[in-house]
Amino acid sequence: MADMRLNGVHHVTAITGDAPANVNFYAGMLGLRLVKKTVNQDDPTVYHLFYADEQGSPGSDITFFEYPGAARGRAGAGMVHTVVWRVGSADALDFWAERLGVERDGGTLAFNDPEGLRHELVIADVTDEPLIADHPEIPRELALQGFEGVRAYGREAEADSAPFLAELGFERAGRRFETRGESRGGWIEYEDAPADQGISGAGTVHHVAWASTMEDEEAWQKRVAEAGARPTPIIDRFWFLSIYFREPSGVLFEIATLGPGFAADEDPEHLGETLVLPPAFEHLRAQVEPILTPLPYPREAWTRS
């Protein structure tokens with residue numbers, strides 16, 4: 001068990017108050033693929049939207065709960081405040097600077113989504129497979145390549161989070177803690193929290209998930225408990241198994257498995273086209289489908305022309 005390593009970031013889940021605008025930005029502007037349109041399994045009256053690469057791979061998957069009309073939130077202590085993505089070159093940074101209407105800052109590019117969630121692009125310096133979605137306006141060599149890491153505001157990062165993360169196999173470099181497994185790597189970096197208290201709402205991150213193999217999930221639950229946190233039981237999310245816990249700085253972590261994956265119940269060629277409910281929630285379809293915000297299929301205009 002001591003040799004287990006988490007395979008980088010599995011997914012990042014955030015909150016939106018406007019699902020149609022969210023689809024337009026993440027599937028349109030950023031060129032990600034909407035790979036699963038489903039509901040929040042803890043509150044099935046609201047959407048859970050998943051955007052990723054062409055295959056819906058862990059490591060590229062940013063997801064959103066939609067609470068229609070939700071006020072904007074504000075990142076504070078114990079919250080992730082920036083999602084960091086990989087791109088392949090300086091040319092890619094220039095492409096995104098022009099597409100997003102922002103300025104490059106050397107080897108990085110920062111921008112906010114329409115609700116204020118901050119993103120950063122960095123040039124990949126890893127051997128990990130690029131996780132790329134197809135989009136007619138974005139050449140593959142310039143596209144987003146999956147997650148590099150996340151930045152968070154810490155409360156007790158030095159005193160408490162550092163030894164805790166070491167118990168989970170993260171390696172420290174200053175205020176950055178990296179985990180690298182057999183398939184991918186990723187990191188979380190802590191910054192001093194602002195004086196203002198964080199407020200959960202549109203444009204804020206709910207949790208960051210780290211990737212585990214299916215066979216190691218039970219061992220991870222035990223390891224997290226032995227490190228001093230209070231993990232949930234293993235929860236079957238149908239597309240992956242999950243445990244949740246807060247690390248000592250207050251950031252909500254999930255450990256999610258690399259399978260079964262989003263093609264478990266949809267043809268890979270048609271991911272994200274229709275509302276899909278896990279089998280345990282299918283009996284709620286008649287109740288929830290009429291109250292969900294109508295959404296366009298973002299690829300219809302260019303895949304069926």
# chains A, B, ... in the order shown; residues from 1 in each chain; ligands from 1
$ residues_around --residues "range 31-38 of chain A" --least-positions-apart "2" --cutoff "9 Å" --atoms "only C-alpha atoms" --output "VMD selection string"
chain A and resid 23 25 to 29 40 to 41 44 46 to 56 60 to 61 132 to 138 143 to 144 262 268 270 to 278 297 to 299
$ residues_around --residues "Arg151 in chain A" --least-positions-apart "4" --cutoff "8 Å" --atoms "only C-alpha atoms" --output "PyMOL selection string"
chain A and resi 80-84+188-191
$ residues_around --residues "Ala157 in chain A" --least-positions-apart "2" --cutoff "12 Å" --atoms "only C-alpha atoms" --output "NGL selection string"
:A and (77-78 or 152-155 or 159-166 or 172 or 174-177 or 188-193 or 247-251)
$ atom_distance --atom1 "CA of Leu30 in chain A" --atom2 "CA of His207 in chain A"
20.9 Å
$ atom_distance --atom1 "CA of Gly201 in chain A" --atom2 "CA of Ile291 in chain A"
20.3 Å
$ atom_distance --atom1 "CA of Val87 in chain A" --atom2 "CA of Ser200 in chain A"
29.0 Å
$ select_by_dssp --residues "range 70-267 of chain A" --states "strand (DSSP E)" --output "JSON list (two decimals) with C-alpha atoms, in the first residue's frame"
[["chain", "number", "residue", "atom", "x", "y", "z"],
["A", 79, "MET", "CA", -11.14, 26.28, -1.58],
["A", 80, "VAL", "CA", -9.52, 25.66, -4.96],
["A", 81, "HIS", "CA", -9.38, 28.98, -6.81],
["A", 82, "THR", "CA", -7.57, 28.21, -10.11],
["A", 83, "VAL", "CA", -7.67, 25.28, -12.54],
["A", 84, "VAL", "CA", -4.36, 24.82, -14.39],
["A", 85, "TRP", "CA", -4.39, 23.23, -17.86],
["A", 86, "ARG", "CA", -1.63, 22.00, -20.15],
["A", 87, "VAL", "CA", -1.00, 23.14, -23.71],
["A", 104, "ARG", "CA", 0.14, 36.23, -22.11],
["A", 105, "ASP", "CA", 2.38, 36.47, -19.06],
["A", 108, "THR", "CA", 1.49, 31.20, -18.77],
["A", 109, "LEU", "CA", -1.92, 32.55, -19.70],
["A", 110, "ALA", "CA", -4.64, 33.32, -17.15],
["A", 111, "PHE", "CA", -8.33, 34.00, -17.74],
["A", 112, "ASN", "CA", -11.72, 33.71, -16.06],
["A", 118, "ARG", "CA", -10.07, 31.33, -12.87],
["A", 119, "HIS", "CA", -8.07, 29.18, -15.27],
["A", 120, "GLU", "CA", -4.40, 29.11, -16.20],
["A", 121, "LEU", "CA", -2.66, 27.58, -19.21],
["A", 122, "VAL", "CA", 0.93, 26.36, -18.98],
["A", 123, "ILE", "CA", 3.20, 24.63, -21.48],
["A", 147, "PHE", "CA", -5.02, 19.15, -16.29],
["A", 148, "GLU", "CA", -1.67, 20.20, -14.90],
["A", 149, "GLY", "CA", -2.91, 20.93, -11.38],
["A", 150, "VAL", "CA", -4.96, 23.22, -9.16],
["A", 151, "ARG", "CA", -4.23, 26.19, -6.92],
["A", 152, "ALA", "CA", -5.96, 26.51, -3.56],
["A", 153, "TYR", "CA", -6.15, 28.86, -0.62],
["A", 154, "GLY", "CA", -4.81, 27.08, 2.46],
["A", 171, "GLU", "CA", 5.91, 14.92, -2.99],
["A", 172, "ARG", "CA", 6.57, 18.47, -1.86],
["A", 173, "ALA", "CA", 8.31, 21.26, -3.74],
["A", 176, "ARG", "CA", 3.32, 22.61, -4.33],
["A", 177, "PHE", "CA", 2.50, 18.95, -3.70],
["A", 178, "GLU", "CA", 2.65, 16.57, -6.64],
["A", 179, "THR", "CA", 1.40, 13.04, -7.09],
["A", 180, "ARG", "CA", 2.42, 10.91, -10.05],
["A", 185, "GLY", "CA", 0.70, 13.23, -12.61],
["A", 186, "GLY", "CA", -0.72, 16.42, -11.15],
["A", 187, "TRP", "CA", -0.39, 18.78, -8.25],
["A", 188, "ILE", "CA", -2.06, 21.13, -5.79],
["A", 189, "GLU", "CA", -0.33, 24.36, -4.79],
["A", 190, "TYR", "CA", -1.37, 26.37, -1.74],
["A", 191, "GLU", "CA", -1.46, 30.13, -1.43],
["A", 192, "ASP", "CA", -2.26, 32.32, 1.56],
["A", 205, "VAL", "CA", -14.85, 24.97, -7.26],
["A", 206, "HIS", "CA", -16.74, 22.41, -5.20],
["A", 207, "HIS", "CA", -13.99, 19.75, -5.06],
["A", 208, "VAL", "CA", -10.93, 18.33, -6.76],
["A", 209, "ALA", "CA", -10.75, 14.61, -7.46],
["A", 210, "TRP", "CA", -7.58, 12.53, -7.69],
["A", 211, "ALA", "CA", -7.35, 9.36, -9.78],
["A", 212, "SER", "CA", -7.03, 5.83, -8.46],
["A", 235, "ILE", "CA", -19.76, 5.50, -3.29],
["A", 236, "ASP", "CA", -20.70, 3.95, -6.62],
["A", 240, "PHE", "CA", -16.43, 5.62, -11.30],
["A", 241, "LEU", "CA", -16.18, 4.81, -7.60],
["A", 242, "SER", "CA", -15.55, 7.67, -5.16],
["A", 243, "ILE", "CA", -14.56, 8.52, -1.64],
["A", 244, "TYR", "CA", -14.65, 12.09, -0.27],
["A", 245, "PHE", "CA", -12.82, 13.81, 2.58],
["A", 246, "ARG", "CA", -11.42, 17.21, 3.58],
["A", 252, "LEU", "CA", -12.67, 18.93, -0.33],
["A", 253, "PHE", "CA", -10.86, 16.02, -1.98],
["A", 254, "GLU", "CA", -12.30, 13.07, -3.84],
["A", 255, "ILE", "CA", -10.48, 9.93, -4.90],
["A", 256, "ALA", "CA", -12.20, 8.61, -8.02],
["A", 257, "THR", "CA", -11.41, 5.49, -10.02],
["A", 258, "LEU", "CA", -10.14, 5.41, -13.58],
["A", 259, "GLY", "CA", -13.08, 3.26, -14.67],
["A", 260, "PRO", "CA", -15.57, 2.04, -15.70]]
$ closest_residue --among "A:Arg99, A:Arg237, A:Arg223, A:Arg5" --to "Leu142 in chain A" --atoms "only C-alpha atoms"
A:Arg99
$ residues_around --residues "Gly17 in chain A" --least-positions-apart "5" --cutoff "12 Å" --atoms "only C-alpha atoms" --output "list in words"
Asn22, Val23, Val46, Tyr47, His48, Phe64, Phe65, Glu66, Tyr67, Pro68, Gly69, Ala70, Ala71, Arg72, Gly73, Pro114, Glu115, Gly116, Ser200, Gly201, Ala202, Gly203, Thr204 and Thr293 of chain A
$ select_by_dssp --residues "range 86-285 of chain A" --states "alpha helix (DSSP H)" --output "VMD selection string"
chain A and resid 90 to 100 162 to 167 217 to 226 285
$ closest_residue --among "A:Thr63, A:Pro231, A:Pro194, A:Asn7" --to "Asp128 in chain A" --atoms "only C-alpha atoms"
A:Asn7
$ decode --residues "range 138-163 of chain A" --atoms "N, CA and C atoms" --output "compact mmCIF listing (two decimals), in the first residue's frame"
# COMPACT_ATOMS: atom_id res chain seq x y z
N ILE A 138 -10.28 24.79 -33.51
CA ILE A 138 -9.09 24.68 -32.68
C ILE A 138 -8.21 23.55 -33.21
N PRO A 139 -7.08 23.86 -33.84
CA PRO A 139 -6.18 22.80 -34.30
C PRO A 139 -5.73 21.92 -33.14
N ARG A 140 -5.61 20.64 -33.38
CA ARG A 140 -5.28 19.70 -32.31
C ARG A 140 -3.96 20.05 -31.61
N GLU A 141 -3.00 20.54 -32.37
CA GLU A 141 -1.71 20.86 -31.76
C GLU A 141 -1.77 22.08 -30.85
N LEU A 142 -2.89 22.82 -30.91
CA LEU A 142 -3.05 24.02 -30.07
C LEU A 142 -4.09 23.82 -28.97
N ALA A 143 -4.76 22.69 -28.95
CA ALA A 143 -5.87 22.45 -28.03
C ALA A 143 -5.39 22.22 -26.60
N LEU A 144 -6.32 22.35 -25.66
CA LEU A 144 -6.04 21.98 -24.27
C LEU A 144 -5.69 20.50 -24.21
N GLN A 145 -4.78 20.14 -23.29
CA GLN A 145 -4.26 18.78 -23.21
C GLN A 145 -4.52 18.09 -21.89
N GLY A 146 -5.48 18.60 -21.12
CA GLY A 146 -5.77 18.02 -19.81
C GLY A 146 -5.19 18.86 -18.69
N PHE A 147 -5.40 18.38 -17.47
CA PHE A 147 -5.02 19.15 -16.29
C PHE A 147 -3.53 19.04 -15.97
N GLU A 148 -2.99 20.16 -15.52
CA GLU A 148 -1.67 20.20 -14.90
C GLU A 148 -1.80 20.13 -13.39
N GLY A 149 -2.72 20.91 -12.82
CA GLY A 149 -2.91 20.93 -11.38
C GLY A 149 -3.97 21.93 -10.98
N VAL A 150 -4.02 22.22 -9.69
CA VAL A 150 -4.96 23.22 -9.16
C VAL A 150 -4.24 24.07 -8.12
N ARG A 151 -4.72 25.30 -7.97
CA ARG A 151 -4.23 26.19 -6.92
C ARG A 151 -5.33 26.40 -5.91
N ALA A 152 -4.97 26.40 -4.63
CA ALA A 152 -5.96 26.51 -3.56
C ALA A 152 -5.49 27.49 -2.51
N TYR A 153 -6.46 28.04 -1.79
CA TYR A 153 -6.15 28.86 -0.62
C TYR A 153 -6.11 27.94 0.61
N GLY A 154 -4.98 27.95 1.31
CA GLY A 154 -4.81 27.08 2.46
C GLY A 154 -4.97 27.80 3.77
N ARG A 155 -5.43 27.06 4.77
CA ARG A 155 -5.48 27.59 6.13
C ARG A 155 -4.28 27.11 6.93
N GLU A 156 -4.05 25.82 6.90
CA GLU A 156 -2.96 25.23 7.69
C GLU A 156 -2.06 24.38 6.81
N ALA A 157 -1.74 24.91 5.63
CA ALA A 157 -0.99 24.09 4.67
C ALA A 157 0.37 23.67 5.21
N GLU A 158 1.06 24.58 5.88
CA GLU A 158 2.40 24.25 6.36
C GLU A 158 2.35 23.26 7.52
N ALA A 159 1.48 23.53 8.48
CA ALA A 159 1.49 22.73 9.70
C ALA A 159 0.80 21.38 9.54
N ASP A 160 -0.30 21.36 8.81
CA ASP A 160 -1.14 20.16 8.78
C ASP A 160 -1.23 19.49 7.41
N SER A 161 -1.44 20.28 6.36
CA SER A 161 -1.63 19.66 5.05
C SER A 161 -0.38 18.96 4.55
N ALA A 162 0.80 19.55 4.81
CA ALA A 162 2.04 18.95 4.30
C ALA A 162 2.25 17.53 4.81
N PRO A 163 2.19 17.28 6.11
CA PRO A 163 2.38 15.89 6.56
C PRO A 163 1.25 14.97 6.13
